[in-house]
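S.K.: So I've got this file, upload_28.csv, and it contains CSV, C-alpha atoms:
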```csv
chain,number,residue,atom,x,y,z
A,1,MET,CA,14.6,-6.8,-11.6
A,2,TYR,CA,11.4,-6.3,-9.7
A,3,ASP,CA,9.9,-3.0,-8.4
A,4,PRO,CA,8.9,-3.6,-4.8
A,5,ARG,CA,6.5,-0.7,-4.8
A,6,LEU,CA,4.0,-2.7,-6.7
A,7,SER,CA,3.5,-5.1,-3.8
A,8,VAL,CA,2.7,-2.6,-1.2
A,9,ILE,CA,0.1,-0.3,-2.8
A,10,GLY,CA,-2.8,-2.6,-1.9
A,11,GLU,CA,-1.6,-2.6,1.8
A,12,ARG,CA,-1.3,1.2,1.8
A,13,LEU,CA,-4.9,1.5,0.6
A,14,SER,CA,-6.3,-1.4,2.7
A,15,GLY,CA,-7.6,1.0,5.4
A,16,VAL,CA,-9.6,3.1,2.9
A,17,ASN,CA,-13.2,2.2,2.6
A,18,LYS,CA,-14.1,4.0,-0.6
A,19,ILE,CA,-11.8,5.5,-3.3
A,20,ILE,CA,-13.5,8.2,-5.4
A,21,VAL,CA,-11.5,9.3,-8.4
A,22,VAL,CA,-12.7,12.7,-9.7
A,23,SER,CA,-11.9,12.8,-13.4
A,24,SER,CA,-12.8,14.4,-16.7
A,25,GLY,CA,-11.8,14.1,-20.3
A,26,LYS,CA,-11.2,17.9,-20.4
A,27,GLY,CA,-9.4,20.4,-18.2
A,28,GLY,CA,-11.0,23.5,-16.7
A,29,VAL,CA,-14.3,21.9,-15.8
A,30,GLY,CA,-13.8,22.2,-12.1
A,31,LYS,CA,-12.5,18.8,-11.0
A,32,SER,CA,-10.1,20.2,-8.4
A,33,ILE,CA,-12.6,22.5,-6.7
A,34,ILE,CA,-15.2,19.8,-6.8
A,35,ALA,CA,-12.8,17.1,-5.4
A,36,SER,CA,-11.7,19.6,-2.6
A,37,THR,CA,-15.3,20.6,-1.7
A,38,ILE,CA,-16.5,17.0,-1.6
A,39,SER,CA,-13.6,16.2,0.8
A,40,LEU,CA,-14.4,19.1,3.0
A,41,ILE,CA,-18.1,18.4,3.1
A,42,LEU,CA,-17.6,14.7,3.9
A,43,ALA,CA,-15.2,15.7,6.7
A,44,ARG,CA,-17.8,18.1,8.1
A,45,LYS,CA,-20.4,15.3,8.0
A,46,GLY,CA,-18.1,13.3,10.3
A,47,PHE,CA,-16.4,11.0,7.8
A,48,LYS,CA,-12.7,10.3,7.9
A,49,VAL,CA,-11.5,11.7,4.6
A,50,GLY,CA,-8.2,11.8,2.5
A,51,LEU,CA,-7.6,14.0,-0.5
A,52,LEU,CA,-4.9,13.1,-3.0
A,53,ASP,CA,-3.9,15.6,-5.7
A,54,LEU,CA,-2.6,13.6,-8.7
A,55,ASP,CA,-2.5,16.5,-11.0
A,56,PHE,CA,1.3,16.3,-10.7
A,57,THR,CA,2.3,18.9,-13.2
A,58,SER,CA,-0.4,21.4,-12.4
A,59,PRO,CA,-1.7,20.8,-8.9
A,60,THR,CA,-4.3,23.3,-7.6
A,61,THR,CA,-6.2,21.7,-4.7
A,62,HIS,CA,-3.8,23.5,-2.3
A,63,VAL,CA,-5.0,26.8,-3.7
A,64,VAL,CA,-8.6,25.8,-2.9
A,65,LEU,CA,-7.8,24.7,0.6
A,66,GLY,CA,-5.4,27.6,1.4
A,67,VAL,CA,-2.6,25.1,2.3
A,68,ARG,CA,0.5,27.0,3.4
A,69,GLY,CA,3.5,26.3,5.7
A,70,ILE,CA,2.7,22.7,6.5
A,71,GLN,CA,4.5,19.5,5.5
A,72,PRO,CA,3.8,15.8,5.8
A,73,SER,CA,5.4,14.0,8.8
A,74,GLU,CA,7.4,10.8,8.6
A,75,ASP,CA,7.0,7.6,10.6
A,76,LYS,CA,7.8,4.5,8.6
A,77,GLY,CA,6.3,6.3,5.6
A,78,ILE,CA,4.8,9.6,4.8
A,79,ILE,CA,1.8,10.7,6.9
A,80,PRO,CA,-0.3,13.4,5.2
A,81,PRO,CA,-1.0,16.5,7.2
A,82,THR,CA,-4.6,17.1,8.2
A,83,VAL,CA,-6.0,20.3,6.5
A,84,HIS,CA,-9.5,21.5,7.6
A,85,GLY,CA,-10.3,17.9,8.8
A,86,VAL,CA,-9.0,16.3,5.6
A,87,LYS,CA,-5.8,14.2,5.3
A,88,TYR,CA,-4.1,15.9,2.4
A,89,MET,CA,-1.4,14.8,0.0
A,90,SER,CA,0.0,16.6,-2.9
A,91,LEU,CA,3.4,16.9,-4.7
A,92,ILE,CA,3.4,20.6,-3.8
A,93,PHE,CA,4.9,19.5,-0.5
A,94,TYR,CA,8.0,18.5,-2.5
A,95,LEU,CA,7.9,20.8,-5.5
A,96,GLY,CA,7.0,24.0,-3.8
A,97,ASP,CA,6.3,26.6,-6.4
A,98,GLN,CA,8.4,24.9,-9.0
A,99,LEU,CA,7.0,23.4,-12.2
A,100,ALA,CA,7.8,19.7,-12.7
A,101,PRO,CA,7.7,19.0,-16.4
A,102,LEU,CA,7.1,15.2,-16.3
A,103,ARG,CA,6.8,12.8,-19.2
A,104,GLY,CA,4.5,9.7,-19.1
A,105,SER,CA,6.9,7.3,-17.5
A,106,GLU,CA,7.9,9.9,-14.9
A,107,LEU,CA,4.3,10.5,-14.1
A,108,SER,CA,3.8,6.8,-13.5
A,109,ASN,CA,6.9,6.6,-11.3
A,110,ALA,CA,5.7,9.6,-9.2
A,111,LEU,CA,2.3,8.0,-8.8
A,112,LEU,CA,3.8,4.6,-7.7
A,113,GLU,CA,6.1,6.5,-5.3
A,114,VAL,CA,3.2,8.4,-3.7
A,115,LEU,CA,0.9,5.4,-3.5
A,116,SER,CA,3.6,3.2,-2.0
A,117,VAL,CA,4.9,5.6,0.7
A,118,THR,CA,1.8,7.5,1.8
A,119,LEU,CA,0.2,6.1,5.0
A,120,TRP,CA,-3.5,7.0,4.9
A,121,GLY,CA,-4.5,4.8,7.9
A,122,SER,CA,-8.1,4.0,8.4
A,123,ILE,CA,-10.4,6.4,6.5
A,124,ASN,CA,-13.9,6.2,5.0
A,125,PHE,CA,-13.2,8.1,1.8
A,126,LEU,CA,-10.1,8.8,-0.3
A,127,ILE,CA,-10.9,11.5,-2.9
A,128,ILE,CA,-8.4,11.6,-5.8
A,129,ASP,CA,-8.2,14.7,-8.0
A,130,MET,CA,-7.0,13.5,-11.4
A,131,PRO,CA,-5.2,15.5,-14.1
A,132,PRO,CA,-7.4,16.2,-17.2
A,133,GLY,CA,-7.6,13.7,-20.0
A,134,ILE,CA,-7.3,10.0,-20.6
A,135,SER,CA,-3.6,9.3,-20.5
A,136,ASP,CA,-0.9,7.7,-18.4
A,137,LEU,CA,-2.2,8.4,-14.9
A,138,MET,CA,-5.7,7.3,-15.7
A,139,LEU,CA,-4.4,4.1,-17.1
A,140,ASP,CA,-2.2,3.7,-14.0
A,141,ILE,CA,-5.1,4.3,-11.6
A,142,LEU,CA,-7.1,1.6,-13.5
A,143,LYS,CA,-4.1,-0.8,-13.2
A,144,TYR,CA,-3.0,-0.2,-9.7
A,145,VAL,CA,-6.1,1.0,-7.8
A,146,ARG,CA,-8.6,-1.7,-8.6
A,147,GLU,CA,-11.1,-0.4,-5.9
A,148,ALA,CA,-11.4,3.0,-7.6
A,149,ARG,CA,-14.8,4.3,-8.4
A,150,PHE,CA,-15.0,7.2,-10.9
A,151,LEU,CA,-16.9,10.4,-10.5
A,152,ILE,CA,-16.9,12.3,-13.8
A,153,VAL,CA,-17.1,16.0,-14.1
A,154,THR,CA,-18.1,17.9,-17.3
A,155,SER,CA,-19.0,21.4,-18.1
A,156,PRO,CA,-22.1,22.0,-20.2
A,157,SER,CA,-19.9,22.5,-23.3
A,158,ARG,CA,-20.3,19.9,-26.1
A,159,MET,CA,-16.6,20.0,-26.5
A,160,ALA,CA,-16.1,19.0,-22.9
A,161,PHE,CA,-18.7,16.3,-23.1
A,162,GLU,CA,-17.3,14.9,-26.3
A,163,THR,CA,-14.2,13.9,-24.3
A,164,VAL,CA,-16.2,12.8,-21.3
A,165,ARG,CA,-18.2,10.5,-23.5
A,166,LYS,CA,-15.0,8.8,-24.6
A,167,LEU,CA,-13.9,8.5,-21.0
A,168,LEU,CA,-17.2,6.9,-20.0
A,169,LEU,CA,-17.0,4.5,-22.9
A,170,LEU,CA,-13.5,3.5,-21.9
A,171,LEU,CA,-14.5,3.0,-18.2
A,172,LYS,CA,-17.5,1.0,-19.3
A,173,SER,CA,-15.5,-1.2,-21.6
A,174,LEU,CA,-13.1,-1.9,-18.7
A,175,LYS,CA,-16.0,-2.6,-16.3
A,176,ALA,CA,-14.6,0.2,-14.1
A,177,PRO,CA,-17.4,1.4,-11.7
A,178,VAL,CA,-18.7,4.9,-12.5
A,179,ILE,CA,-20.5,6.7,-9.7
A,180,GLY,CA,-22.0,9.2,-12.1
A,181,VAL,CA,-21.6,12.5,-14.0
A,182,ILE,CA,-21.7,16.0,-12.6
A,183,GLU,CA,-22.5,18.9,-14.9
A,184,ASN,CA,-20.5,21.9,-13.5
A,185,MET,CA,-20.7,25.6,-14.4
A,186,LYS,CA,-24.2,25.3,-15.7
A,187,MET,CA,-25.5,28.6,-17.1
A,188,ASN,CA,-28.6,27.7,-19.1
A,189,LYS,CA,-31.5,25.2,-19.1
A,190,SER,CA,-30.1,22.8,-21.7
A,191,GLU,CA,-30.7,19.1,-20.9
A,192,TYR,CA,-28.1,18.0,-23.4
A,193,VAL,CA,-25.6,16.6,-20.9
A,194,LYS,CA,-28.2,14.8,-18.8
A,195,ARG,CA,-29.8,13.3,-21.9
A,196,GLU,CA,-26.4,12.1,-23.2
A,197,VAL,CA,-25.3,10.7,-19.9
A,198,GLU,CA,-28.5,8.7,-19.4
A,199,ALA,CA,-28.4,7.5,-23.0
A,200,LEU,CA,-25.0,6.0,-22.2
A,201,GLY,CA,-26.6,4.2,-19.2
A,202,GLU,CA,-24.8,6.2,-16.6
A,203,LYS,CA,-26.2,8.2,-13.7
A,204,PHE,CA,-26.6,11.9,-14.0
A,205,LEU,CA,-25.8,13.2,-10.5
A,206,GLY,CA,-27.0,16.8,-11.1
A,207,GLU,CA,-26.1,20.3,-12.2
A,208,ILE,CA,-23.9,22.7,-10.3
A,209,HIS,CA,-24.5,26.3,-11.5
A,210,PHE,CA,-21.9,28.8,-12.3
A,211,ASP,CA,-21.2,30.7,-9.2
A,212,GLY,CA,-19.6,34.2,-9.6
A,213,LYS,CA,-18.5,34.3,-6.0
A,214,LEU,CA,-16.5,31.0,-6.1
A,215,GLU,CA,-13.3,32.6,-7.3
A,216,GLU,CA,-13.1,34.9,-4.3
A,217,SER,CA,-13.6,32.0,-1.9
A,218,LEU,CA,-10.4,30.2,-3.1
A,219,GLY,CA,-8.1,29.7,-0.1
A,220,SER,CA,-10.8,30.3,2.5
A,221,VAL,CA,-12.6,27.1,3.3
A,222,SER,CA,-15.2,28.9,5.4
A,223,LYS,CA,-16.1,31.2,2.5
A,224,LEU,CA,-16.1,28.2,0.1
A,225,LEU,CA,-18.5,26.2,2.2
A,226,GLU,CA,-21.0,29.1,2.3
A,227,THR,CA,-21.2,29.4,-1.5
A,228,ASP,CA,-24.2,28.3,-3.6
A,229,PHE,CA,-21.6,26.0,-5.4
A,230,ALA,CA,-20.9,24.2,-2.1
A,231,ARG,CA,-24.6,23.8,-1.4
A,232,GLU,CA,-25.1,22.2,-4.8
A,233,VAL,CA,-22.1,19.9,-4.3
A,234,GLU,CA,-23.6,18.8,-1.0
A,235,GLU,CA,-26.8,17.8,-2.9
A,236,VAL,CA,-24.7,15.7,-5.2
A,237,ILE,CA,-22.9,14.1,-2.2
A,238,GLN,CA,-26.2,13.2,-0.7
A,239,LYS,CA,-27.1,11.3,-3.9
A,240,ILE,CA,-23.8,9.6,-3.8
A,241,LEU,CA,-24.1,8.6,-0.2
A,242,THR,CA,-27.7,7.4,-0.8
A,243,HIS,CA,-27.0,5.3,-3.8
A,244,ASN,CA,-23.5,3.9,-3.1
B,15,MET,CA,12.3,7.0,8.2
B,16,HIS,CA,11.1,6.7,4.6
B,17,GLU,CA,13.5,3.7,4.5
B,18,TRP,CA,11.0,1.8,6.6
B,19,ALA,CA,8.3,2.2,4.0
B,20,LEU,CA,10.7,1.0,1.3
B,21,ALA,CA,11.7,-2.0,3.5
B,22,GLU,CA,8.1,-2.9,4.0
B,23,ALA,CA,7.6,-2.9,0.2
B,24,VAL,CA,10.6,-5.2,-0.2
B,25,ILE,CA,9.4,-7.6,2.4
B,26,SER,CA,5.9,-7.7,1.0
B,27,SER,CA,7.3,-8.4,-2.5
B,28,LEU,CA,9.6,-11.1,-1.3
B,29,LYS,CA,6.8,-12.9,0.5
B,30,ARG,CA,4.9,-12.9,-2.8
B,31,VAL,CA,8.0,-14.2,-4.7
B,32,ALA,CA,8.4,-17.0,-2.1
B,33,ASP,CA,4.7,-18.0,-2.5
B,34,ARG,CA,4.7,-17.8,-6.3
B,35,GLU,CA,8.0,-19.7,-6.7
B,36,GLY,CA,7.2,-22.3,-4.0
B,37,LEU,CA,10.2,-21.4,-1.9
B,38,ARG,CA,10.6,-22.8,1.6
B,39,GLU,CA,13.1,-20.2,2.5
B,40,ILE,CA,14.8,-17.1,0.9
B,41,ARG,CA,18.5,-17.1,1.7
B,42,GLU,CA,19.9,-14.1,-0.2
B,43,VAL,CA,18.5,-11.0,-1.8
B,44,HIS,CA,20.4,-8.4,-3.9
B,45,LEU,CA,18.9,-4.9,-3.8
B,46,LYS,CA,19.8,-2.2,-6.2
B,47,VAL,CA,19.4,1.2,-4.6
B,48,GLY,CA,19.3,4.2,-6.8
B,49,GLU,CA,21.7,7.0,-5.8
B,50,LEU,CA,19.1,9.7,-6.7
B,51,GLN,CA,16.8,8.8,-3.8
B,52,GLN,CA,19.7,8.9,-1.3
B,53,VAL,CA,18.4,6.0,0.7
B,54,ASP,CA,20.3,5.5,3.9
B,55,GLY,CA,21.6,1.9,3.4
B,56,GLU,CA,22.1,1.3,7.1
B,57,ILE,CA,18.6,2.3,8.1
B,58,LEU,CA,17.2,0.2,5.2
B,59,LEU,CA,19.2,-2.9,6.3
B,60,PHE,CA,18.1,-2.4,9.9
B,61,ALA,CA,14.5,-2.0,8.9
B,62,LEU,CA,14.7,-5.2,6.8
B,63,SER,CA,16.3,-7.1,9.7
B,64,GLN,CA,13.4,-6.0,12.0
B,65,MET,CA,10.7,-6.9,9.5
B,66,ARG,CA,11.9,-10.3,8.3
B,67,SER,CA,10.1,-13.4,9.5
B,68,GLY,CA,8.9,-16.8,8.3
B,69,LYS,CA,10.5,-17.7,5.0
B,70,LEU,CA,12.6,-14.5,5.3
B,71,ALA,CA,13.8,-15.1,8.9
B,72,ASN,CA,17.4,-15.8,7.8
B,73,THR,CA,17.6,-13.8,4.6
B,74,LYS,CA,20.8,-12.0,3.9
B,75,PHE,CA,20.3,-8.6,2.2
B,76,ILE,CA,23.0,-7.2,0.0
B,77,LEU,CA,22.7,-3.6,-1.2
B,78,LYS,CA,24.4,-2.2,-4.2
B,79,THR,CA,24.2,1.5,-5.1
B,80,SER,CA,23.4,2.4,-8.7
B,81,ARG,CA,24.9,5.7,-9.7
B,82,ALA,CA,22.4,8.4,-10.7
B,83,ARG,CA,23.0,9.4,-14.3
B,84,PHE,CA,21.1,11.9,-16.4
B,85,LYS,CA,20.8,12.5,-20.1
B,86,CYS,CA,19.4,15.6,-21.7
B,87,ARG,CA,16.7,14.8,-24.2
B,88,VAL,CA,17.4,18.1,-26.1
B,89,CYS,CA,21.2,18.3,-26.5
B,90,GLY,CA,22.2,14.8,-25.4
B,91,HIS,CA,24.5,15.9,-22.7
B,92,LYS,CA,25.1,13.3,-19.9
B,93,TRP,CA,25.9,14.1,-16.3
B,94,THR,CA,25.9,12.5,-12.9
B,95,LEU,CA,24.4,13.4,-9.5
B,96,LYS,CA,27.9,14.3,-8.2
B,97,GLU,CA,28.0,17.3,-10.6
B,98,VAL,CA,24.7,18.6,-9.2
B,99,LYS,CA,24.8,21.2,-6.5
B,100,ALA,CA,21.5,21.1,-4.8
B,101,PRO,CA,20.6,22.6,-1.4
B,102,GLU,CA,19.6,20.2,1.4
B,103,GLU,CA,15.8,20.9,1.1
B,104,VAL,CA,15.9,19.9,-2.6
B,105,ARG,CA,17.8,16.7,-1.8
B,106,GLU,CA,15.2,16.0,0.9
B,107,SER,CA,12.4,16.4,-1.6
B,108,ILE,CA,14.1,14.2,-4.1
B,109,HIS,CA,14.6,11.6,-1.4
B,110,PHE,CA,10.9,11.3,-0.8
B,111,ILE,CA,9.7,11.7,-4.4
B,112,PRO,CA,12.6,11.3,-6.9
B,113,GLU,CA,10.5,13.0,-9.7
B,114,ALA,CA,11.0,16.2,-7.7
B,115,ALA,CA,14.3,16.2,-9.5
B,116,TYR,CA,12.5,17.4,-12.6
B,117,ALA,CA,11.4,20.5,-10.7
B,118,TYR,CA,14.8,21.5,-9.5
B,119,LEU,CA,17.4,20.1,-11.9
B,120,ARG,CA,18.3,21.3,-15.4
B,121,CYS,CA,20.7,20.2,-18.1
B,122,PRO,CA,24.0,21.9,-17.1
B,123,LYS,CA,24.8,22.4,-20.8
B,124,CYS,CA,21.6,23.8,-22.4
B,125,ASN,CA,19.4,24.4,-19.3
B,126,SER,CA,16.6,22.2,-20.5
B,127,PRO,CA,14.3,20.6,-17.9
B,128,ASP,CA,13.7,17.8,-20.4
B,129,PHE,CA,16.1,15.1,-19.3
B,130,GLU,CA,15.9,11.4,-18.4
B,131,VAL,CA,17.2,9.6,-15.4
B,132,SER,CA,19.1,7.0,-17.3
B,133,SER,CA,20.1,5.1,-14.1
B,134,GLY,CA,20.1,5.4,-10.4
B,135,ARG,CA,16.4,5.9,-9.7
B,136,GLY,CA,14.4,3.9,-7.1
B,137,LEU,CA,14.9,0.6,-5.3
B,138,TRP,CA,14.9,-2.7,-7.1
B,139,ILE,CA,15.0,-6.3,-6.2
B,140,ALA,CA,17.8,-7.4,-8.5
B,141,SER,CA,18.0,-11.1,-7.6
B,142,VAL,CA,16.6,-13.6,-5.1
B,143,ARG,CA,18.2,-16.9,-4.0
B,144,GLY,CA,15.9,-19.4,-2.2
B,145,VAL,CA,15.4,-23.0,-1.4
B,146,LYS,CA,12.5,-25.1,-2.7
```
Starting from the coordinates I provided, produce the structure as structure tokens.

M.R.:
Amino acid sequence: MYDPRLSVIGERLSGVNKIIVVSSGKGGVGKSIIASTISLILARKGFKVGLLDLDFTSPTTHVVLGVRGIQPSEDKGIIPPTVHGVKYMSLIFYLGDQLAPLRGSELSNALLEVLSVTLWGSINFLIIDMPPGISDLMLDILKYVREARFLIVTSPSRMAFETVRKLLLLLKSLKAPVIGVIENMKMNKSEYVKREVEALGEKFLGEIHFDGKLEESLGSVSKLLETDFAREVEEVIQKILTHN
Amino acid sequence: MHEWALAEAVISSLKRVADREGLREIREVHLKVGELQQVDGEILLFALSQMRSGKLANTKFILKTSRARFKCRVCGHKWTLKEVKAPEEVRESIHFIPEAAYAYLRCPKCNSPDFEVSSGRGLWIASVRGVK
């Protein structure tokens, strides 16, 4: 028996110029808000952007974007709704407020389903918000989305970076392209993460400082884009656009 | 309309199969359609008939439904989709993303959300008959 979804994923992504997978070895380092903010800023710059939330069991990008009362449309597949200029796809459209406790094979099935039925059309960037860790979905992205380029997020914590180091080494061993590493929630002047990233031969894209006003901007894109956090994310984007 | 996306995936797969196996023509294809996804067979067959061309121009598609069966990973209880009473919007969600079932369904015996779909999920190409 053959699963026909495997043949169509490449076609579904054929109109996407660059796929940026925002990942980390640890949770709670700010992947989702960084992925969402990157998407919004790129859209503001005039790029055609898609944002795909693959954190199936704990999606949160809809909280950042304030997504409410909208659904994808259907026309020979699923067409993601446009949210603040970004084509947006998340399982929350199908799960609502329900928790979906998925095991590994079920996560893989959900990923294949989403990739094979979502019609992104022609876009410059597809930003993918990954669940934390190095498990099934990361392996599936490496297997099925060969054009993926990885943007790694860490916090200044040595605990977070310990997992990021393993992720970077895995990606390097698989020759998967890494755009660079962002150090988020910076609160001191330590150069530990920068030094370690560069020692691994990867690009350190910059620090994003802890922003006490960020939490109150969740759900309001206009407030979010006025934060110091967004300003620093934009500096990182500039580096990505210049060097990639 | 989701059936059209599935049909496109089937056609794309069959073209690859034909190339890989060196087939001049694909005459008959058996598809196994999982009941869980509640695919509309008529729409799927119509979409396939509209999309076939080249080596697939005369392909006959035969659909067989695979009953959706569940097994609880905690208490071992087994049940079928027919025993599940789900509102239309839940069935609609499961239609698009079958894993949505894990958000809405529970073991009817012990109420655990930890169950497996032992059969009846997704769409599969079960067999292909072609001419070299």

S.K.: Report, in Å with one decimal, the straight-line distance from atom CA of B:Phe110 to atom CA of B:Pro122.

M.R.: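 Those two atoms sit 23.4 Å apart.
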
S.K.: Determine, counting only C-alpha atoms, which protein, DNA and RNA residues have an atom within 9 Å of an atom of B:Leu119; residues of the same chain fewer than 6 positions away are not included. Present the result as a PyMOL selection string.

M.R.: chain B and resi 98+100+125-127

S.K.: When the cut-off is 9 Å and we count all atoms listed in the file, which residues of chain A are near chain B, given as a PyMOL selection string?

M.R.: chain A and resi 1-9+74-78+91+93-96+98-103+106-107+109-110+113-114+116-118

S.K.: With distances taken over only C-alpha atoms, which of B:Ala32, B:Val88, B:Leu37, B:Leu50 is nearest to B:Gly134?

M.R.: B:Leu50

S.K.: Counting only C-alpha atoms, what is within 9 Å of B:Gly55, bar same-chain residues fewer than 3 positions away, as a list in words?

M.R.: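 With the cut-off at 9 Å, the set is Glu17, Val47, Gln52, Leu58, Leu59, Phe60, Leu77 and Thr79 of chain B.
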
S.K.: Residues proximal to (-10.8, 15.1, 4.0) were defined as those with any atom within 10 Å of that point in the file's coordinates, counting all atoms listed in the file. Which are they, as a list in words?

M.R.: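 Here the neighbourhood of the point contains Ala35, Ser36, Thr37, Ile38, Ser39, Leu40, Ile41, Leu42, Ala43, Arg44, Gly46, Phe47, Lys48, Val49, Gly50, Leu51, Leu52, Thr82, Val83, His84, Gly85, Val86, Lys87, Tyr88, Ile123, Asn124, Phe125, Leu126 and Ile127 of chain A.
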
S.K.: To one decimal in Å, tell me the separation between atom CA of B:Leu70 and atom CA of A:Glu11.

M.R.: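 Result for atom CA of B:Leu70 versus atom CA of A:Glu11: 18.9 Å, one decimal.
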
S.K.: Could you state the separation of atom CA of A:Gly30 and atom CA of A:Leu200 in Å, given to one decimal place?

M.R.: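 Distance between the two atoms: 22.1 Å.
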
S.K.: Could you pull the residues within 10 Å of A:Val181, counting only C-alpha atoms, minus those fewer than 6 positions along the same chain, as number ranges by chain?

M.R.: A: 22-24, 150-154, 164, 168, 193-194, 197-198, 202-207, 236
